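Notes for the one structure printed next.
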Amino acid sequence: MSTRSGPSPARTGLLLLPPLLWLGVAYLGALGALFLAAFWTTNEFTGDLVKVFTLDNFRSLLDQPVYRTITARTLGVAVLVTLVDAALALPVAFFMAKVARPGLQRLLVIAVLMPLWASYLVKAYAWRGMLSKSGPLEWLGISPGYGLTGLVITLAYLWLPYMILPVYAGLQKLPGSLLEASADLGAPALTTFRRVVLPSVFPALVAGSIFTFSLTMGDYIAVKIVGGPTQMLGNVVADNYGVANNLPFAAAYSVVPVLVMLGYLGVVRRTGALENL
Amino acid sequence: MTISRRLKAFLVACTSVVLLVVYLPLALVVLNSFNVSKSFAWPPSGLTLRWWHAAAHSSGARHALVVSIEVGLLATAISLVLGTMAAMALQRTRFFGRNAISLLIILPIALPGIVTGLALNNAFTSIFGLELGFFTIVVAHATFCIVTVFNNVQARLRRMSASLEEASADLGARPFMTFRLVTFPLLRSALLAGGLLSFALSFDEIIVTTFTAGGHEQTLPIWIFQNLFRPNQTPVVNVVAAALIVLSAVPIWLAQRLGGDAEAMGTAAP
């Protein structure tokens with residue numbers, strides 16, 4: 001048996017110092033400074049920062065109907081996109097993991113992964129073409145055009161691989177014998193799905209939903225490309241900083257997705273989903 | 001596994017439809033890059049190579065491509081060093097705060113890009129007094145790329161036995177020599193996979209980049225985004241998009257050649 005107790009603390013410390021300076025000091029420091037700025041305001045006439053502690057920004061986020069609507073809309077879109085992706089991912093992942101022969105399975109994994117490597121911007125742009133006035137969907141007479149519906153379709157399209165991959169990995173771990181046992185005991189396919197498949201892939205679905213949820217809440221580029229006049233949380237943050245030059249308000253509003261994500265992570269931690277990431 | 005014929009047909013239908021919907025918009029972009037119509041009228045009335053020719057001569061797109069490649073290479077180099085250091089430090093050591101450090105490394109990618117972008121922008125301009133540009137893009141990209149290298153190296157180290165490094169030390173090698181002659185060769189393919197992911201992540205990123213690029217520097221995604229809404233530029237934008245779609249097969253092909261661990265290539269890439 002080895003008498004060594006692993007690398008020395010000095011080595012660990014030396015190795016950790018540079019990454020910790022970068023992420024622990026610089027990045028966390030930047031996040032902290034942003035959080036601090038959320039409690040400041042800007043001077044209405046000069047646009048200068050007024051570094052006096054106030055809760056005004058958070059108060060207007062809660063009081064003004066327009067921000068309440070945008071927050072609710074963003075959360076609603078995030079939930080809808082997550083549900084659409086889960087509904088699409090389940091049959092595809094099930095087919096990949098449990099029905100397809102090994103050769104086809106390998107091919108399907110590549111087919112699902114390929115678009116993941118295609119640029120985010122290019123995919124959003126592709127849907128701008130699909131939804132455009134002279135595009136193929138309009139030609140077929142079924143285009144919803146640029147707006148909320150087009151946005152949900154595009155976001156669901158963008159994040160779908162992030163849902164399929166964890167669900168596929170989760171289903172691969174589910175023994176086929178369980179499904180056969182359920183069928184042997186006389187359960188119809190739907191019952192097997194509800195009582196055997198769904199409970200065992202639930203952590204994987206939750207893991208996928210962390211991506212779909214977080215990515216939807218922070219998005220503002222796809223919104224500008226296919227969302228038409230739709231305003232989402234990300235747009236308000238970006239415009240308050242870029243157009244209105246109001247860093248404190250942008251900072252305050254950007255605290256909302258962080259709190260939602262932390263709350264969500266806290267709730268789903270019990271499902272064991274975090275080990276599936 | 002036994003599965004009823006009807007259920008199987010349903011699953012085949014679902015999978016086919018989803019794959020069709022996934023590839024149709026991408027195919028449309030590629031097809032439109034040959035579309036005679038400047039507004040991509042559907043169905044195309046004729047095909048032309050004119051836009052590809054125009055795109056090849058677009059100096060804006062070319063310059064943006066060079067910036068994107070430079071940023072990607074530098075950010076990847078930084079994250080290779082920092083990610084490997086962090087993974088090796090946490091290897092086989094147990095100490096208070098170990099999980100906190102793992103979380104810290106994942107944080108820049110777990111938080112919405114707009115939060116990271118805004119925080120870094122604020123830190124660069126108002127705390128460090130830096131002018132936004134090439135340097136700040138590289139720093140921002142390296143921040144969220146570290147996790148890809150860290151994950152790959154950590155997974156490899158977990159599977160590696162400590163005895164090789166111990167043997168090297170017993171034979172009198174200094175720690176750095178052990179790293180150079182023993183650890184590094186064993187890590188090489190993990191570093192390659194992590195580096196590839198990191199480059200792809202950087203090459204594709206737009207949200208953090210818009211907050212850290214300033215007005216003078218353009219990466220390729222920023223160039224595409226800024227020209228997207230200009231009607232006379234759309235054919236060129238479309239050609240660039242089509243080229244990127246075709247190029248996205250390259251990392252998959254590389255991953256297959258690197259040992260076929262295609263699934264590993266799909267993790268941690270928002």
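Within each chain, counting starts at residue 1; across the structure tokens, chains are named A, B, ... in the order shown, with ligands numbered 1 upward in that order.
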Which residues come within 9 Å of Tyr253 in chain A, counting only C-alpha atoms, excluding same-chain residues fewer than 2 positions away, as an MDAnalysis selection string? chainID A and resid 38 57:58 61 233:234 236:237 248:251 255:257
When you look at range 164-171 of chain B with a cut-off of 8 Å (counting only C-alpha atoms), what residues show up, excluding the ones that are within fewer than 4 positions of it in the same chain? I need them as a PyMOL selection string. chain B and resi 175+178+182-183
Emit the selected residues as an mmCIF file, in the first residue's frame, including N, CA, C and O atoms.
```
data_model
loop_
_atom_site.group_PDB
_atom_site.id
_atom_site.type_symbol
_atom_site.label_atom_id
_atom_site.label_comp_id
_atom_site.auth_asym_id
_atom_site.auth_seq_id
_atom_site.Cartn_x
_atom_site.Cartn_y
_atom_site.Cartn_z
ATOM 1 N N PRO B 175 8.868 17.390 -10.039
ATOM 2 C CA PRO B 175 7.455 17.480 -10.435
ATOM 3 C C PRO B 175 7.282 17.936 -11.889
ATOM 4 O O PRO B 175 6.461 17.385 -12.631
ATOM 5 N N THR B 178 8.123 15.170 -14.291
ATOM 6 C CA THR B 178 7.050 14.174 -14.273
ATOM 7 C C THR B 178 5.882 14.644 -15.133
ATOM 8 O O THR B 178 5.314 13.888 -15.916
ATOM 9 N N VAL B 182 5.376 12.294 -18.161
ATOM 10 C CA VAL B 182 4.373 11.278 -17.798
ATOM 11 C C VAL B 182 2.944 11.810 -17.926
ATOM 12 O O VAL B 182 2.132 11.294 -18.681
ATOM 13 N N THR B 183 2.647 12.860 -17.166
ATOM 14 C CA THR B 183 1.265 13.321 -17.108
ATOM 15 C C THR B 183 0.797 13.892 -18.445
ATOM 16 O O THR B 183 -0.264 13.522 -18.947
#
```
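For the pair CA of Leu140 in chain A and CA of Pro43 in chain B, the interatomic distance is 10.6 Å.
Shortest atom-to-atom contact with Leu171 in chain A among A:Val92, A:Leu121, A:Ala244, A:Ile153: A:Val92, counting only C-alpha atoms.
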With only C-alpha atoms as the counted atoms, please give the residues lying no more than 12 Å from range 200-205 of chain A, apart from itself and same-chain residues fewer than 3 positions off, as a compact mmCIF listing (two decimals) with C-alpha atoms, in the first residue's frame.
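Saved result, selection38.txt, follows:
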```txt
# COMPACT_ATOMS: atom_id res chain seq x y z
CA THR A 82 -38.76 23.69 -22.06
CA LEU A 83 -42.04 21.78 -22.44
CA VAL A 84 -41.84 21.75 -26.25
CA ASP A 85 -38.26 20.49 -26.10
CA ALA A 86 -39.12 17.81 -23.53
CA ALA A 87 -42.06 16.61 -25.65
CA LEU A 88 -39.87 16.42 -28.77
CA ALA A 89 -36.84 14.95 -27.02
CA LEU A 90 -38.63 12.03 -25.32
CA ALA A 93 -34.23 9.91 -27.40
CA PHE A 94 -36.29 6.78 -26.71
CA ALA A 97 -31.56 4.58 -27.00
CA LEU A 160 -33.38 21.03 -28.55
CA TYR A 162 -29.38 20.24 -25.01
CA MET A 163 -32.56 18.36 -24.08
CA ILE A 164 -32.14 15.32 -26.34
CA LEU A 165 -28.60 14.48 -25.19
CA PRO A 166 -29.20 14.18 -21.41
CA VAL A 167 -32.51 12.33 -21.96
CA TYR A 168 -30.78 9.95 -24.36
CA ALA A 169 -28.00 9.34 -21.82
CA GLY A 170 -30.61 8.78 -19.10
CA LEU A 171 -32.58 6.29 -21.21
CA GLN A 172 -29.43 4.36 -22.05
CA LYS A 173 -29.00 3.68 -18.34
CA LEU A 174 -32.56 2.31 -18.07
CA PRO A 175 -32.37 -1.51 -18.39
CA LEU A 178 -37.61 -3.30 -16.87
CA LEU A 179 -39.64 -2.37 -19.94
CA THR A 192 -45.16 1.58 -19.06
CA PHE A 193 -44.21 5.05 -20.25
CA ARG A 194 -45.95 6.74 -17.34
CA ARG A 195 -44.89 4.36 -14.56
CA VAL A 196 -41.45 3.14 -15.71
CA VAL A 197 -39.89 5.39 -18.36
CA GLY A 208 -31.97 19.39 -19.87
CA SER A 209 -34.44 21.94 -18.58
CA ILE A 210 -31.65 23.75 -16.72
CA PHE A 211 -30.09 24.54 -20.11
CA THR A 212 -33.34 25.38 -21.92
CA PHE A 213 -34.48 27.56 -19.04
CA VAL A 268 -34.07 20.46 -8.53
CA ARG A 269 -31.01 19.54 -6.49
CA ARG A 270 -33.11 16.92 -4.67
CA THR A 271 -33.98 15.11 -7.92
CA GLY A 272 -30.31 14.26 -8.45
CA ALA A 273 -30.44 16.14 -11.76
CA LEU A 274 -27.21 17.98 -11.12
CA GLU A 275 -25.24 14.74 -11.36
CA ASN A 276 -26.69 14.36 -14.86
CA LEU A 277 -25.24 17.60 -16.20
```
Please provide the set of residues having any atom within 7 Å of Phe39 in chain A, restricted to only C-alpha atoms, with same-chain residues fewer than 2 positions apart removed, written as a PyMOL selection string. chain A and resi 36-37+41+53-55+57+248
Residue neighbourhood Ser143 in chain A, 9 Å, only C-alpha atoms, exclusion window fewer than 4 positions, as a PyMOL selection string: chain A and resi 130-133+135-139+150
Run DSSP on the backbone and grab whatever in range 107-268 of chain A lands in alpha helix (DSSP H); send it over as a ChimeraX atom specification. /A:107-117,120-131,136-140,148-173,176-184,189-192,198-218,221-226,233-242,247-268
Residues within 9 Å of Ala222 in chain A, please, as an MDAnalysis selection string. Count only C-alpha atoms; anything in the same chain fewer than 2 positions from it doesn't count. chainID A and resid 120:121 124:125 151 154:155 219:220 224:227
Just to confirm, what's the straight-line distance from CA of Phe40 in chain B to CA of Ser59 in chain B in Å (one decimal)? 23.2 Å
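Among the candidates A:Pro102, A:Gly145, A:Gly218, A:Gly29, the residue lying nearest to chain B is A:Gly218 (atoms considered: only C-alpha atoms).
Residues lying within 8 Å of Leu220 in chain B, counting only C-alpha atoms and ignoring same-chain neighbours fewer than 5 positions away, are B:Ala61, B:Ala64, B:Leu65, B:Val67, B:Ser68, B:Phe203.
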Have a look at CA of Val112 in chain A and CA of Leu28 in chain B and let me know their distance in Å, one decimal. 18.0 Å
Looking at B:Ala89, B:Ile252, B:Ile69, B:Val29, which one is nearest to Pro9 in chain A, with distances taken over only C-alpha atoms? B:Ala89
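For range 19-202 of chain A, backbone-based DSSP labels the following residues as strand (DSSP E): Thr41, Thr42, Leu49 and Val50 of chain A.
Shortest separation to chain B among A:Pro199, A:Tyr67, A:Arg59, A:Lys123 occurs at residue A:Lys123, atoms counted being only C-alpha atoms.
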Nearest to Ile245 in chain B among B:Ala9, B:Leu82, B:Asp204, B:Ala41, with distances taken over only C-alpha atoms: which residue is it? B:Asp204
Which residue, B:Leu244, B:Ala173, B:Ile206, B:Leu107, has the smallest gap to Gln226 in chain B when you use only C-alpha atoms? B:Ile206
